[in-house]
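*Asks:* This is the structure, below, for whatever I ask next.
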Amino acid sequence: MRAENLSRLASMRDQVLNRAEIRPGDTILDVGTGQGLLGLGALERSAPDGHVIFSDISEPLLEDCRDAVAQVSATARASFVPAQATDLSAIGTASVDVVVERAVLLFIADRAPAFAEYHRVLRPGGRLSLGEPLNSWMSADRPGYLWGYDVTAVADLERKLHDADRARRAPDEDLLGGFDDRDLMAMARAAGFQHVEAQTELSLAPPPARGDLDVFLDTAPNPLAPTTRALMAAAFTAQEAERFTAVLGESLHQGRGERRHALTFLRAWR
């Protein structure tokens with residue numbers, strides 16, 4: 001499972017950076033950099049004299065990026081700015097050639113200010129390239145499925161788990177599934193981008209077979225969600241939990257179900 005996730009992240013990184021058309025000497029802003037996946041790739045592509053601004057709301061993550069940049073001896077070509085996507089005021093107007101980001105907008109309730117900031121910091125002719133998961137399709141409610149694994153044999157318990165999850169959610173958690181590719185294009189145009197392109201990838205496949213039931217139960221699907229084990233504790237009796245995990249464990253072992261994957265890659269020119 002870890003190898004699959006790493007491969008998917010590498011593919012997303014390459015597609016975002018390829019669409020950004022980074023050139024040697026460019027100044028690149030990586031918004032919501034996290035651990036620097038895009039920014040580190042941009043450093044390599046903009047060599048020998050390009051500059052990358054790593055931006056994130058998390059100071060610890062920016063420190064991780066500092067360490068990673070130091071390891072590739074590129075500290076002189078990098079800067080680190082604590083900021084959120086909706087307020088990039090620490091970065092000058094028309095000061096960067098490229099803005100890149102991945103999986104940032106899905107955690108923002110009001111996305112229009114983010115697009116406005118992306119447009120503001122770009123120089124004329126600058127490029128925006130982003131990749132966003134489309135949770136509105138990937139996470140659509142499908143009775144009898146958990147993370148794409150088939151548990152229809154205990155669909156009654158899966159519904160109890162689903163209902164418990166819905167009951168404990170804060171209202172802002174629904175923002176994780178609140179847009180699609182057409183919404184992103186409309187927001188980019190509204191921010192002032194005149195030329196906008198989007199390409200969406202949709203795929204259906206069986207989920208990977210795995211034998212780590214305990215790891216699965218102790219993993220949350222996103223940073224805002226509880227683990228499956230925690231939901232089970234809130235929703236099930238001991239007997240129900242035993243029945244549910246027996247079916248789930250078999251489904252995991254066999255790789256039985258249907259996994260949805262959806263990503264939109266958008267690029268726009270200032």
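Every chain in the structure tokens has a letter given in the order shown (A, B, ...), and although residue numbers restart at 1 in each chain, ligands are simply numbered from 1 in the order shown.
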Run DSSP on the backbone of this structure and report the residues of region 233-264 of chain A it assigns to alpha helix (DSSP H), as a PyMOL selection string.
*Replies:* chain A and resi 233-235+238-254
*Asks:* Name the residues in contact with region 153-160 of chain A at a cut-off of 9 Å, using only C-alpha atoms, excluding same-chain residues fewer than 3 positions from it; report them as a list in words.
*Replies:*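 Skipping anything fewer than 3 positions along the chain leaves Pro143, Gly144, Tyr145, Leu146, Asp150, Asp163, Ala164, Asp165, Met232, Ala235, Phe236, Glu240, Ala241, Arg243, Phe244, Val247 and Leu248 of chain A.
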*Asks:* Could you save those same residues with C-alpha atoms as a PDB file, in the first residue's frame?
*Replies:*
ATOM      1  CA  PRO A 143     -23.659   1.468   0.590  1.00  0.00           C
ATOM      2  CA  GLY A 144     -21.760  -1.712   1.346  1.00  0.00           C
ATOM      3  CA  TYR A 145     -18.285  -0.325   0.591  1.00  0.00           C
ATOM      4  CA  LEU A 146     -15.590   0.950   2.939  1.00  0.00           C
ATOM      5  CA  ASP A 150     -16.627  -4.717  -0.497  1.00  0.00           C
ATOM      6  CA  ASP A 163     -24.298   7.081  10.055  1.00  0.00           C
ATOM      7  CA  ALA A 164     -21.908   7.398  12.997  1.00  0.00           C
ATOM      8  CA  ASP A 165     -19.396   9.144  10.762  1.00  0.00           C
ATOM      9  CA  MET A 232     -16.486   1.126  15.191  1.00  0.00           C
ATOM     10  CA  ALA A 235     -21.173   2.533  16.484  1.00  0.00           C
ATOM     11  CA  PHE A 236     -20.880  -1.209  17.216  1.00  0.00           C
ATOM     12  CA  GLU A 240     -21.092  -6.410  15.735  1.00  0.00           C
ATOM     13  CA  ALA A 241     -17.447  -5.380  15.648  1.00  0.00           C
ATOM     14  CA  ARG A 243     -18.808  -9.724  12.611  1.00  0.00           C
ATOM     15  CA  PHE A 244     -17.767  -6.631  10.690  1.00  0.00           C
ATOM     16  CA  VAL A 247     -15.931  -9.697   6.583  1.00  0.00           C
ATOM     17  CA  LEU A 248     -13.624  -6.704   6.174  1.00  0.00           C
TER      18      LEU A 248
END
*Asks:* Pull the closest atom pair for each residue of region 94-185 of chain A that gets at most 9 Å from region 202-226 of chain A, along with the distance in Å to one decimal, counting only C-alpha atoms, ordering rows by chain and then ascending residue number, as CSV.
*Replies:*
residue,atom,partner,partner_atom,distance
A:Trp137,CA,A:Leu202,CA,9.0
A:Trp147,CA,A:Pro221,CA,7.9
A:Gly148,CA,A:Pro207,CA,6.5
A:Tyr149,CA,A:Pro207,CA,6.7
A:Asp165,CA,A:Pro226,CA,8.3
A:Arg169,CA,A:Ala225,CA,8.2
A:Glu173,CA,A:Leu224,CA,7.0
*Asks:* Enter the distance from CA of Thr200 (chain A) to CA of Ile108 (chain A), in Å, rounded to one decimal.
*Replies:*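 Rounded to one decimal, the two atoms are 20.2 Å apart.
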*Asks:* Distance CA of Gln239 (chain A)-CA of Thr227 (chain A), one decimal place?
*Replies:* 19.3 Å
*Asks:* Nearest residue to Arg267 (chain A) out of A:Gly192, A:Gly249, A:Gly131, A:Gly25, using only C-alpha atoms?
*Replies:*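 Of all the options, A:Gly131 lies closest to Arg267 (chain A).
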*Asks:* Quick one: of A:Asp110, A:Glu250, A:Glu201, A:Asp64, who's nearest to Pro133 (chain A), counting only C-alpha atoms?
*Replies:*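 Comparing A:Asp110, A:Glu250, A:Glu201, A:Asp64 against Pro133 (chain A), the winner is A:Glu201.
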*Asks:* Write out as a PyMOL selection string which residues come within 6 Å of Ala268 (chain A) when counting only C-alpha atoms, dropping same-chain ones fewer than 3 positions away.
*Replies:* chain A and resi 127-128+195-196
*Asks:* Work out how far apart CA of His253 (chain A) and CA of Ser136 (chain A) are and give it in Å to one decimal.
*Replies:*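 Atom-to-atom, CA of His253 (chain A) to CA of Ser136 (chain A), that is 27.5 Å.
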*Asks:* With distances taken over only C-alpha atoms, which of A:Glu44, A:Asp141, A:Asp180, A:Glu21 is nearest to Val72 (chain A)?
*Replies:* A:Glu44
*Asks:* From the options A:Leu122, A:Ala74, A:Leu105, A:Leu62, which residue's atoms come nearest to Asp26 (chain A), counting only C-alpha atoms?
*Replies:*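 Smallest distance to Asp26 (chain A) is found for A:Leu122.
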*Asks:* Counting only C-alpha atoms, what are the residues of region 27-56 of chain A within 10 Å of region 75-88 of chain A, and for each of them which pair of atoms is the nearest and at what distance in Å, to one decimal? Sort the table by chain and rising number, as JSON lines.
*Replies:*
{"residue": "A:Thr27", "atom": "CA", "partner": "A:Arg77", "partner_atom": "CA", "distance": 9.3}
{"residue": "A:Ile28", "atom": "CA", "partner": "A:Ala78", "partner_atom": "CA", "distance": 9.5}
{"residue": "A:Leu29", "atom": "CA", "partner": "A:Ser79", "partner_atom": "CA", "distance": 9.6}
{"residue": "A:Asp30", "atom": "CA", "partner": "A:Phe80", "partner_atom": "CA", "distance": 9.8}
{"residue": "A:Val31", "atom": "CA", "partner": "A:Ala85", "partner_atom": "CA", "distance": 6.3}
{"residue": "A:Gly32", "atom": "CA", "partner": "A:Ala85", "partner_atom": "CA", "distance": 6.8}
{"residue": "A:Thr33", "atom": "CA", "partner": "A:Phe80", "partner_atom": "CA", "distance": 9.8}
{"residue": "A:Gly39", "atom": "CA", "partner": "A:Ala78", "partner_atom": "CA", "distance": 9.1}
{"residue": "A:Leu40", "atom": "CA", "partner": "A:Ala78", "partner_atom": "CA", "distance": 9.5}
{"residue": "A:Leu43", "atom": "CA", "partner": "A:Arg77", "partner_atom": "CA", "distance": 7.6}
{"residue": "A:Ser46", "atom": "CA", "partner": "A:Arg77", "partner_atom": "CA", "distance": 9.6}
{"residue": "A:Ala47", "atom": "CA", "partner": "A:Arg77", "partner_atom": "CA", "distance": 8.8}
{"residue": "A:Pro48", "atom": "CA", "partner": "A:Arg77", "partner_atom": "CA", "distance": 8.9}
{"residue": "A:Asp49", "atom": "CA", "partner": "A:Arg77", "partner_atom": "CA", "distance": 7.1}
{"residue": "A:Gly50", "atom": "CA", "partner": "A:Arg77", "partner_atom": "CA", "distance": 6.6}
{"residue": "A:His51", "atom": "CA", "partner": "A:Arg77", "partner_atom": "CA", "distance": 4.7}
{"residue": "A:Val52", "atom": "CA", "partner": "A:Ala78", "partner_atom": "CA", "distance": 4.9}
{"residue": "A:Ile53", "atom": "CA", "partner": "A:Ser79", "partner_atom": "CA", "distance": 4.9}
{"residue": "A:Phe54", "atom": "CA", "partner": "A:Phe80", "partner_atom": "CA", "distance": 4.8}
{"residue": "A:Ser55", "atom": "CA", "partner": "A:Val81", "partner_atom": "CA", "distance": 4.7}
{"residue": "A:Asp56", "atom": "CA", "partner": "A:Pro82", "partner_atom": "CA", "distance": 5.2}
*Asks:* Using the selection just defined, write its residues with C-alpha atoms as a short mmCIF file (atom, residue, chain, number, x, y, z; two decimals), in the first residue's frame.
*Replies:*
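And here's result.cif as it stands now:
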data_model
loop_
_atom_site.label_atom_id
_atom_site.label_comp_id
_atom_site.auth_asym_id
_atom_site.auth_seq_id
_atom_site.Cartn_x
_atom_site.Cartn_y
_atom_site.Cartn_z
CA THR A 27 11.07 31.79 -9.63
CA ILE A 28 8.53 29.21 -8.45
CA LEU A 29 6.08 29.43 -5.56
CA ASP A 30 5.02 26.08 -4.07
CA VAL A 31 1.80 26.78 -2.15
CA GLY A 32 0.97 24.41 0.72
CA THR A 33 4.29 22.70 0.14
CA GLY A 39 9.22 22.42 -4.49
CA LEU A 40 12.14 20.01 -4.47
CA LEU A 43 14.49 23.28 -7.61
CA SER A 46 14.89 25.51 -12.48
CA ALA A 47 18.63 24.92 -11.97
CA PRO A 48 21.19 26.35 -12.07
CA ASP A 49 19.89 29.77 -11.00
CA GLY A 50 16.15 29.42 -10.41
CA HIS A 51 14.56 30.11 -7.04
CA VAL A 52 11.82 28.22 -5.18
CA ILE A 53 9.62 29.68 -2.45
CA PHE A 54 8.33 26.98 -0.13
CA SER A 55 5.10 28.22 1.49
CA ASP A 56 2.96 26.49 4.12
#
*Asks:* Could you check which of A:Thr93, A:Asp67, A:Ala42, A:Arg142 is closest to Arg23 (chain A), using only C-alpha atoms?
*Replies:*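 Closest residue, counting only C-alpha atoms: A:Ala42.
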*Asks:* Quick check for you: according to DSSP on this backbone, which residues of region 34-260 of chain A are classed as strand (DSSP E)? Reply as JSON, numbers by chain.
*Replies:* {"A": [51, 52, 53, 54, 55, 56, 78, 79, 80, 81, 82, 96, 97, 98, 99, 100, 101, 102, 122, 123, 124, 125, 126, 127, 128, 129, 130, 131, 132, 133, 145, 146, 149, 150, 195, 196, 197, 198, 199, 200, 201, 202, 203, 204, 205, 259, 260]}
*Asks:* Ranking A:Arg166, A:His119, A:Arg229, A:Arg13 by minimum distance to Glu132 (chain A) and counting only C-alpha atoms, which one comes first?
*Replies:*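 Checking each of A:Arg166, A:His119, A:Arg229, A:Arg13 against Glu132 (chain A), counting only C-alpha atoms, the winner is A:Arg13.
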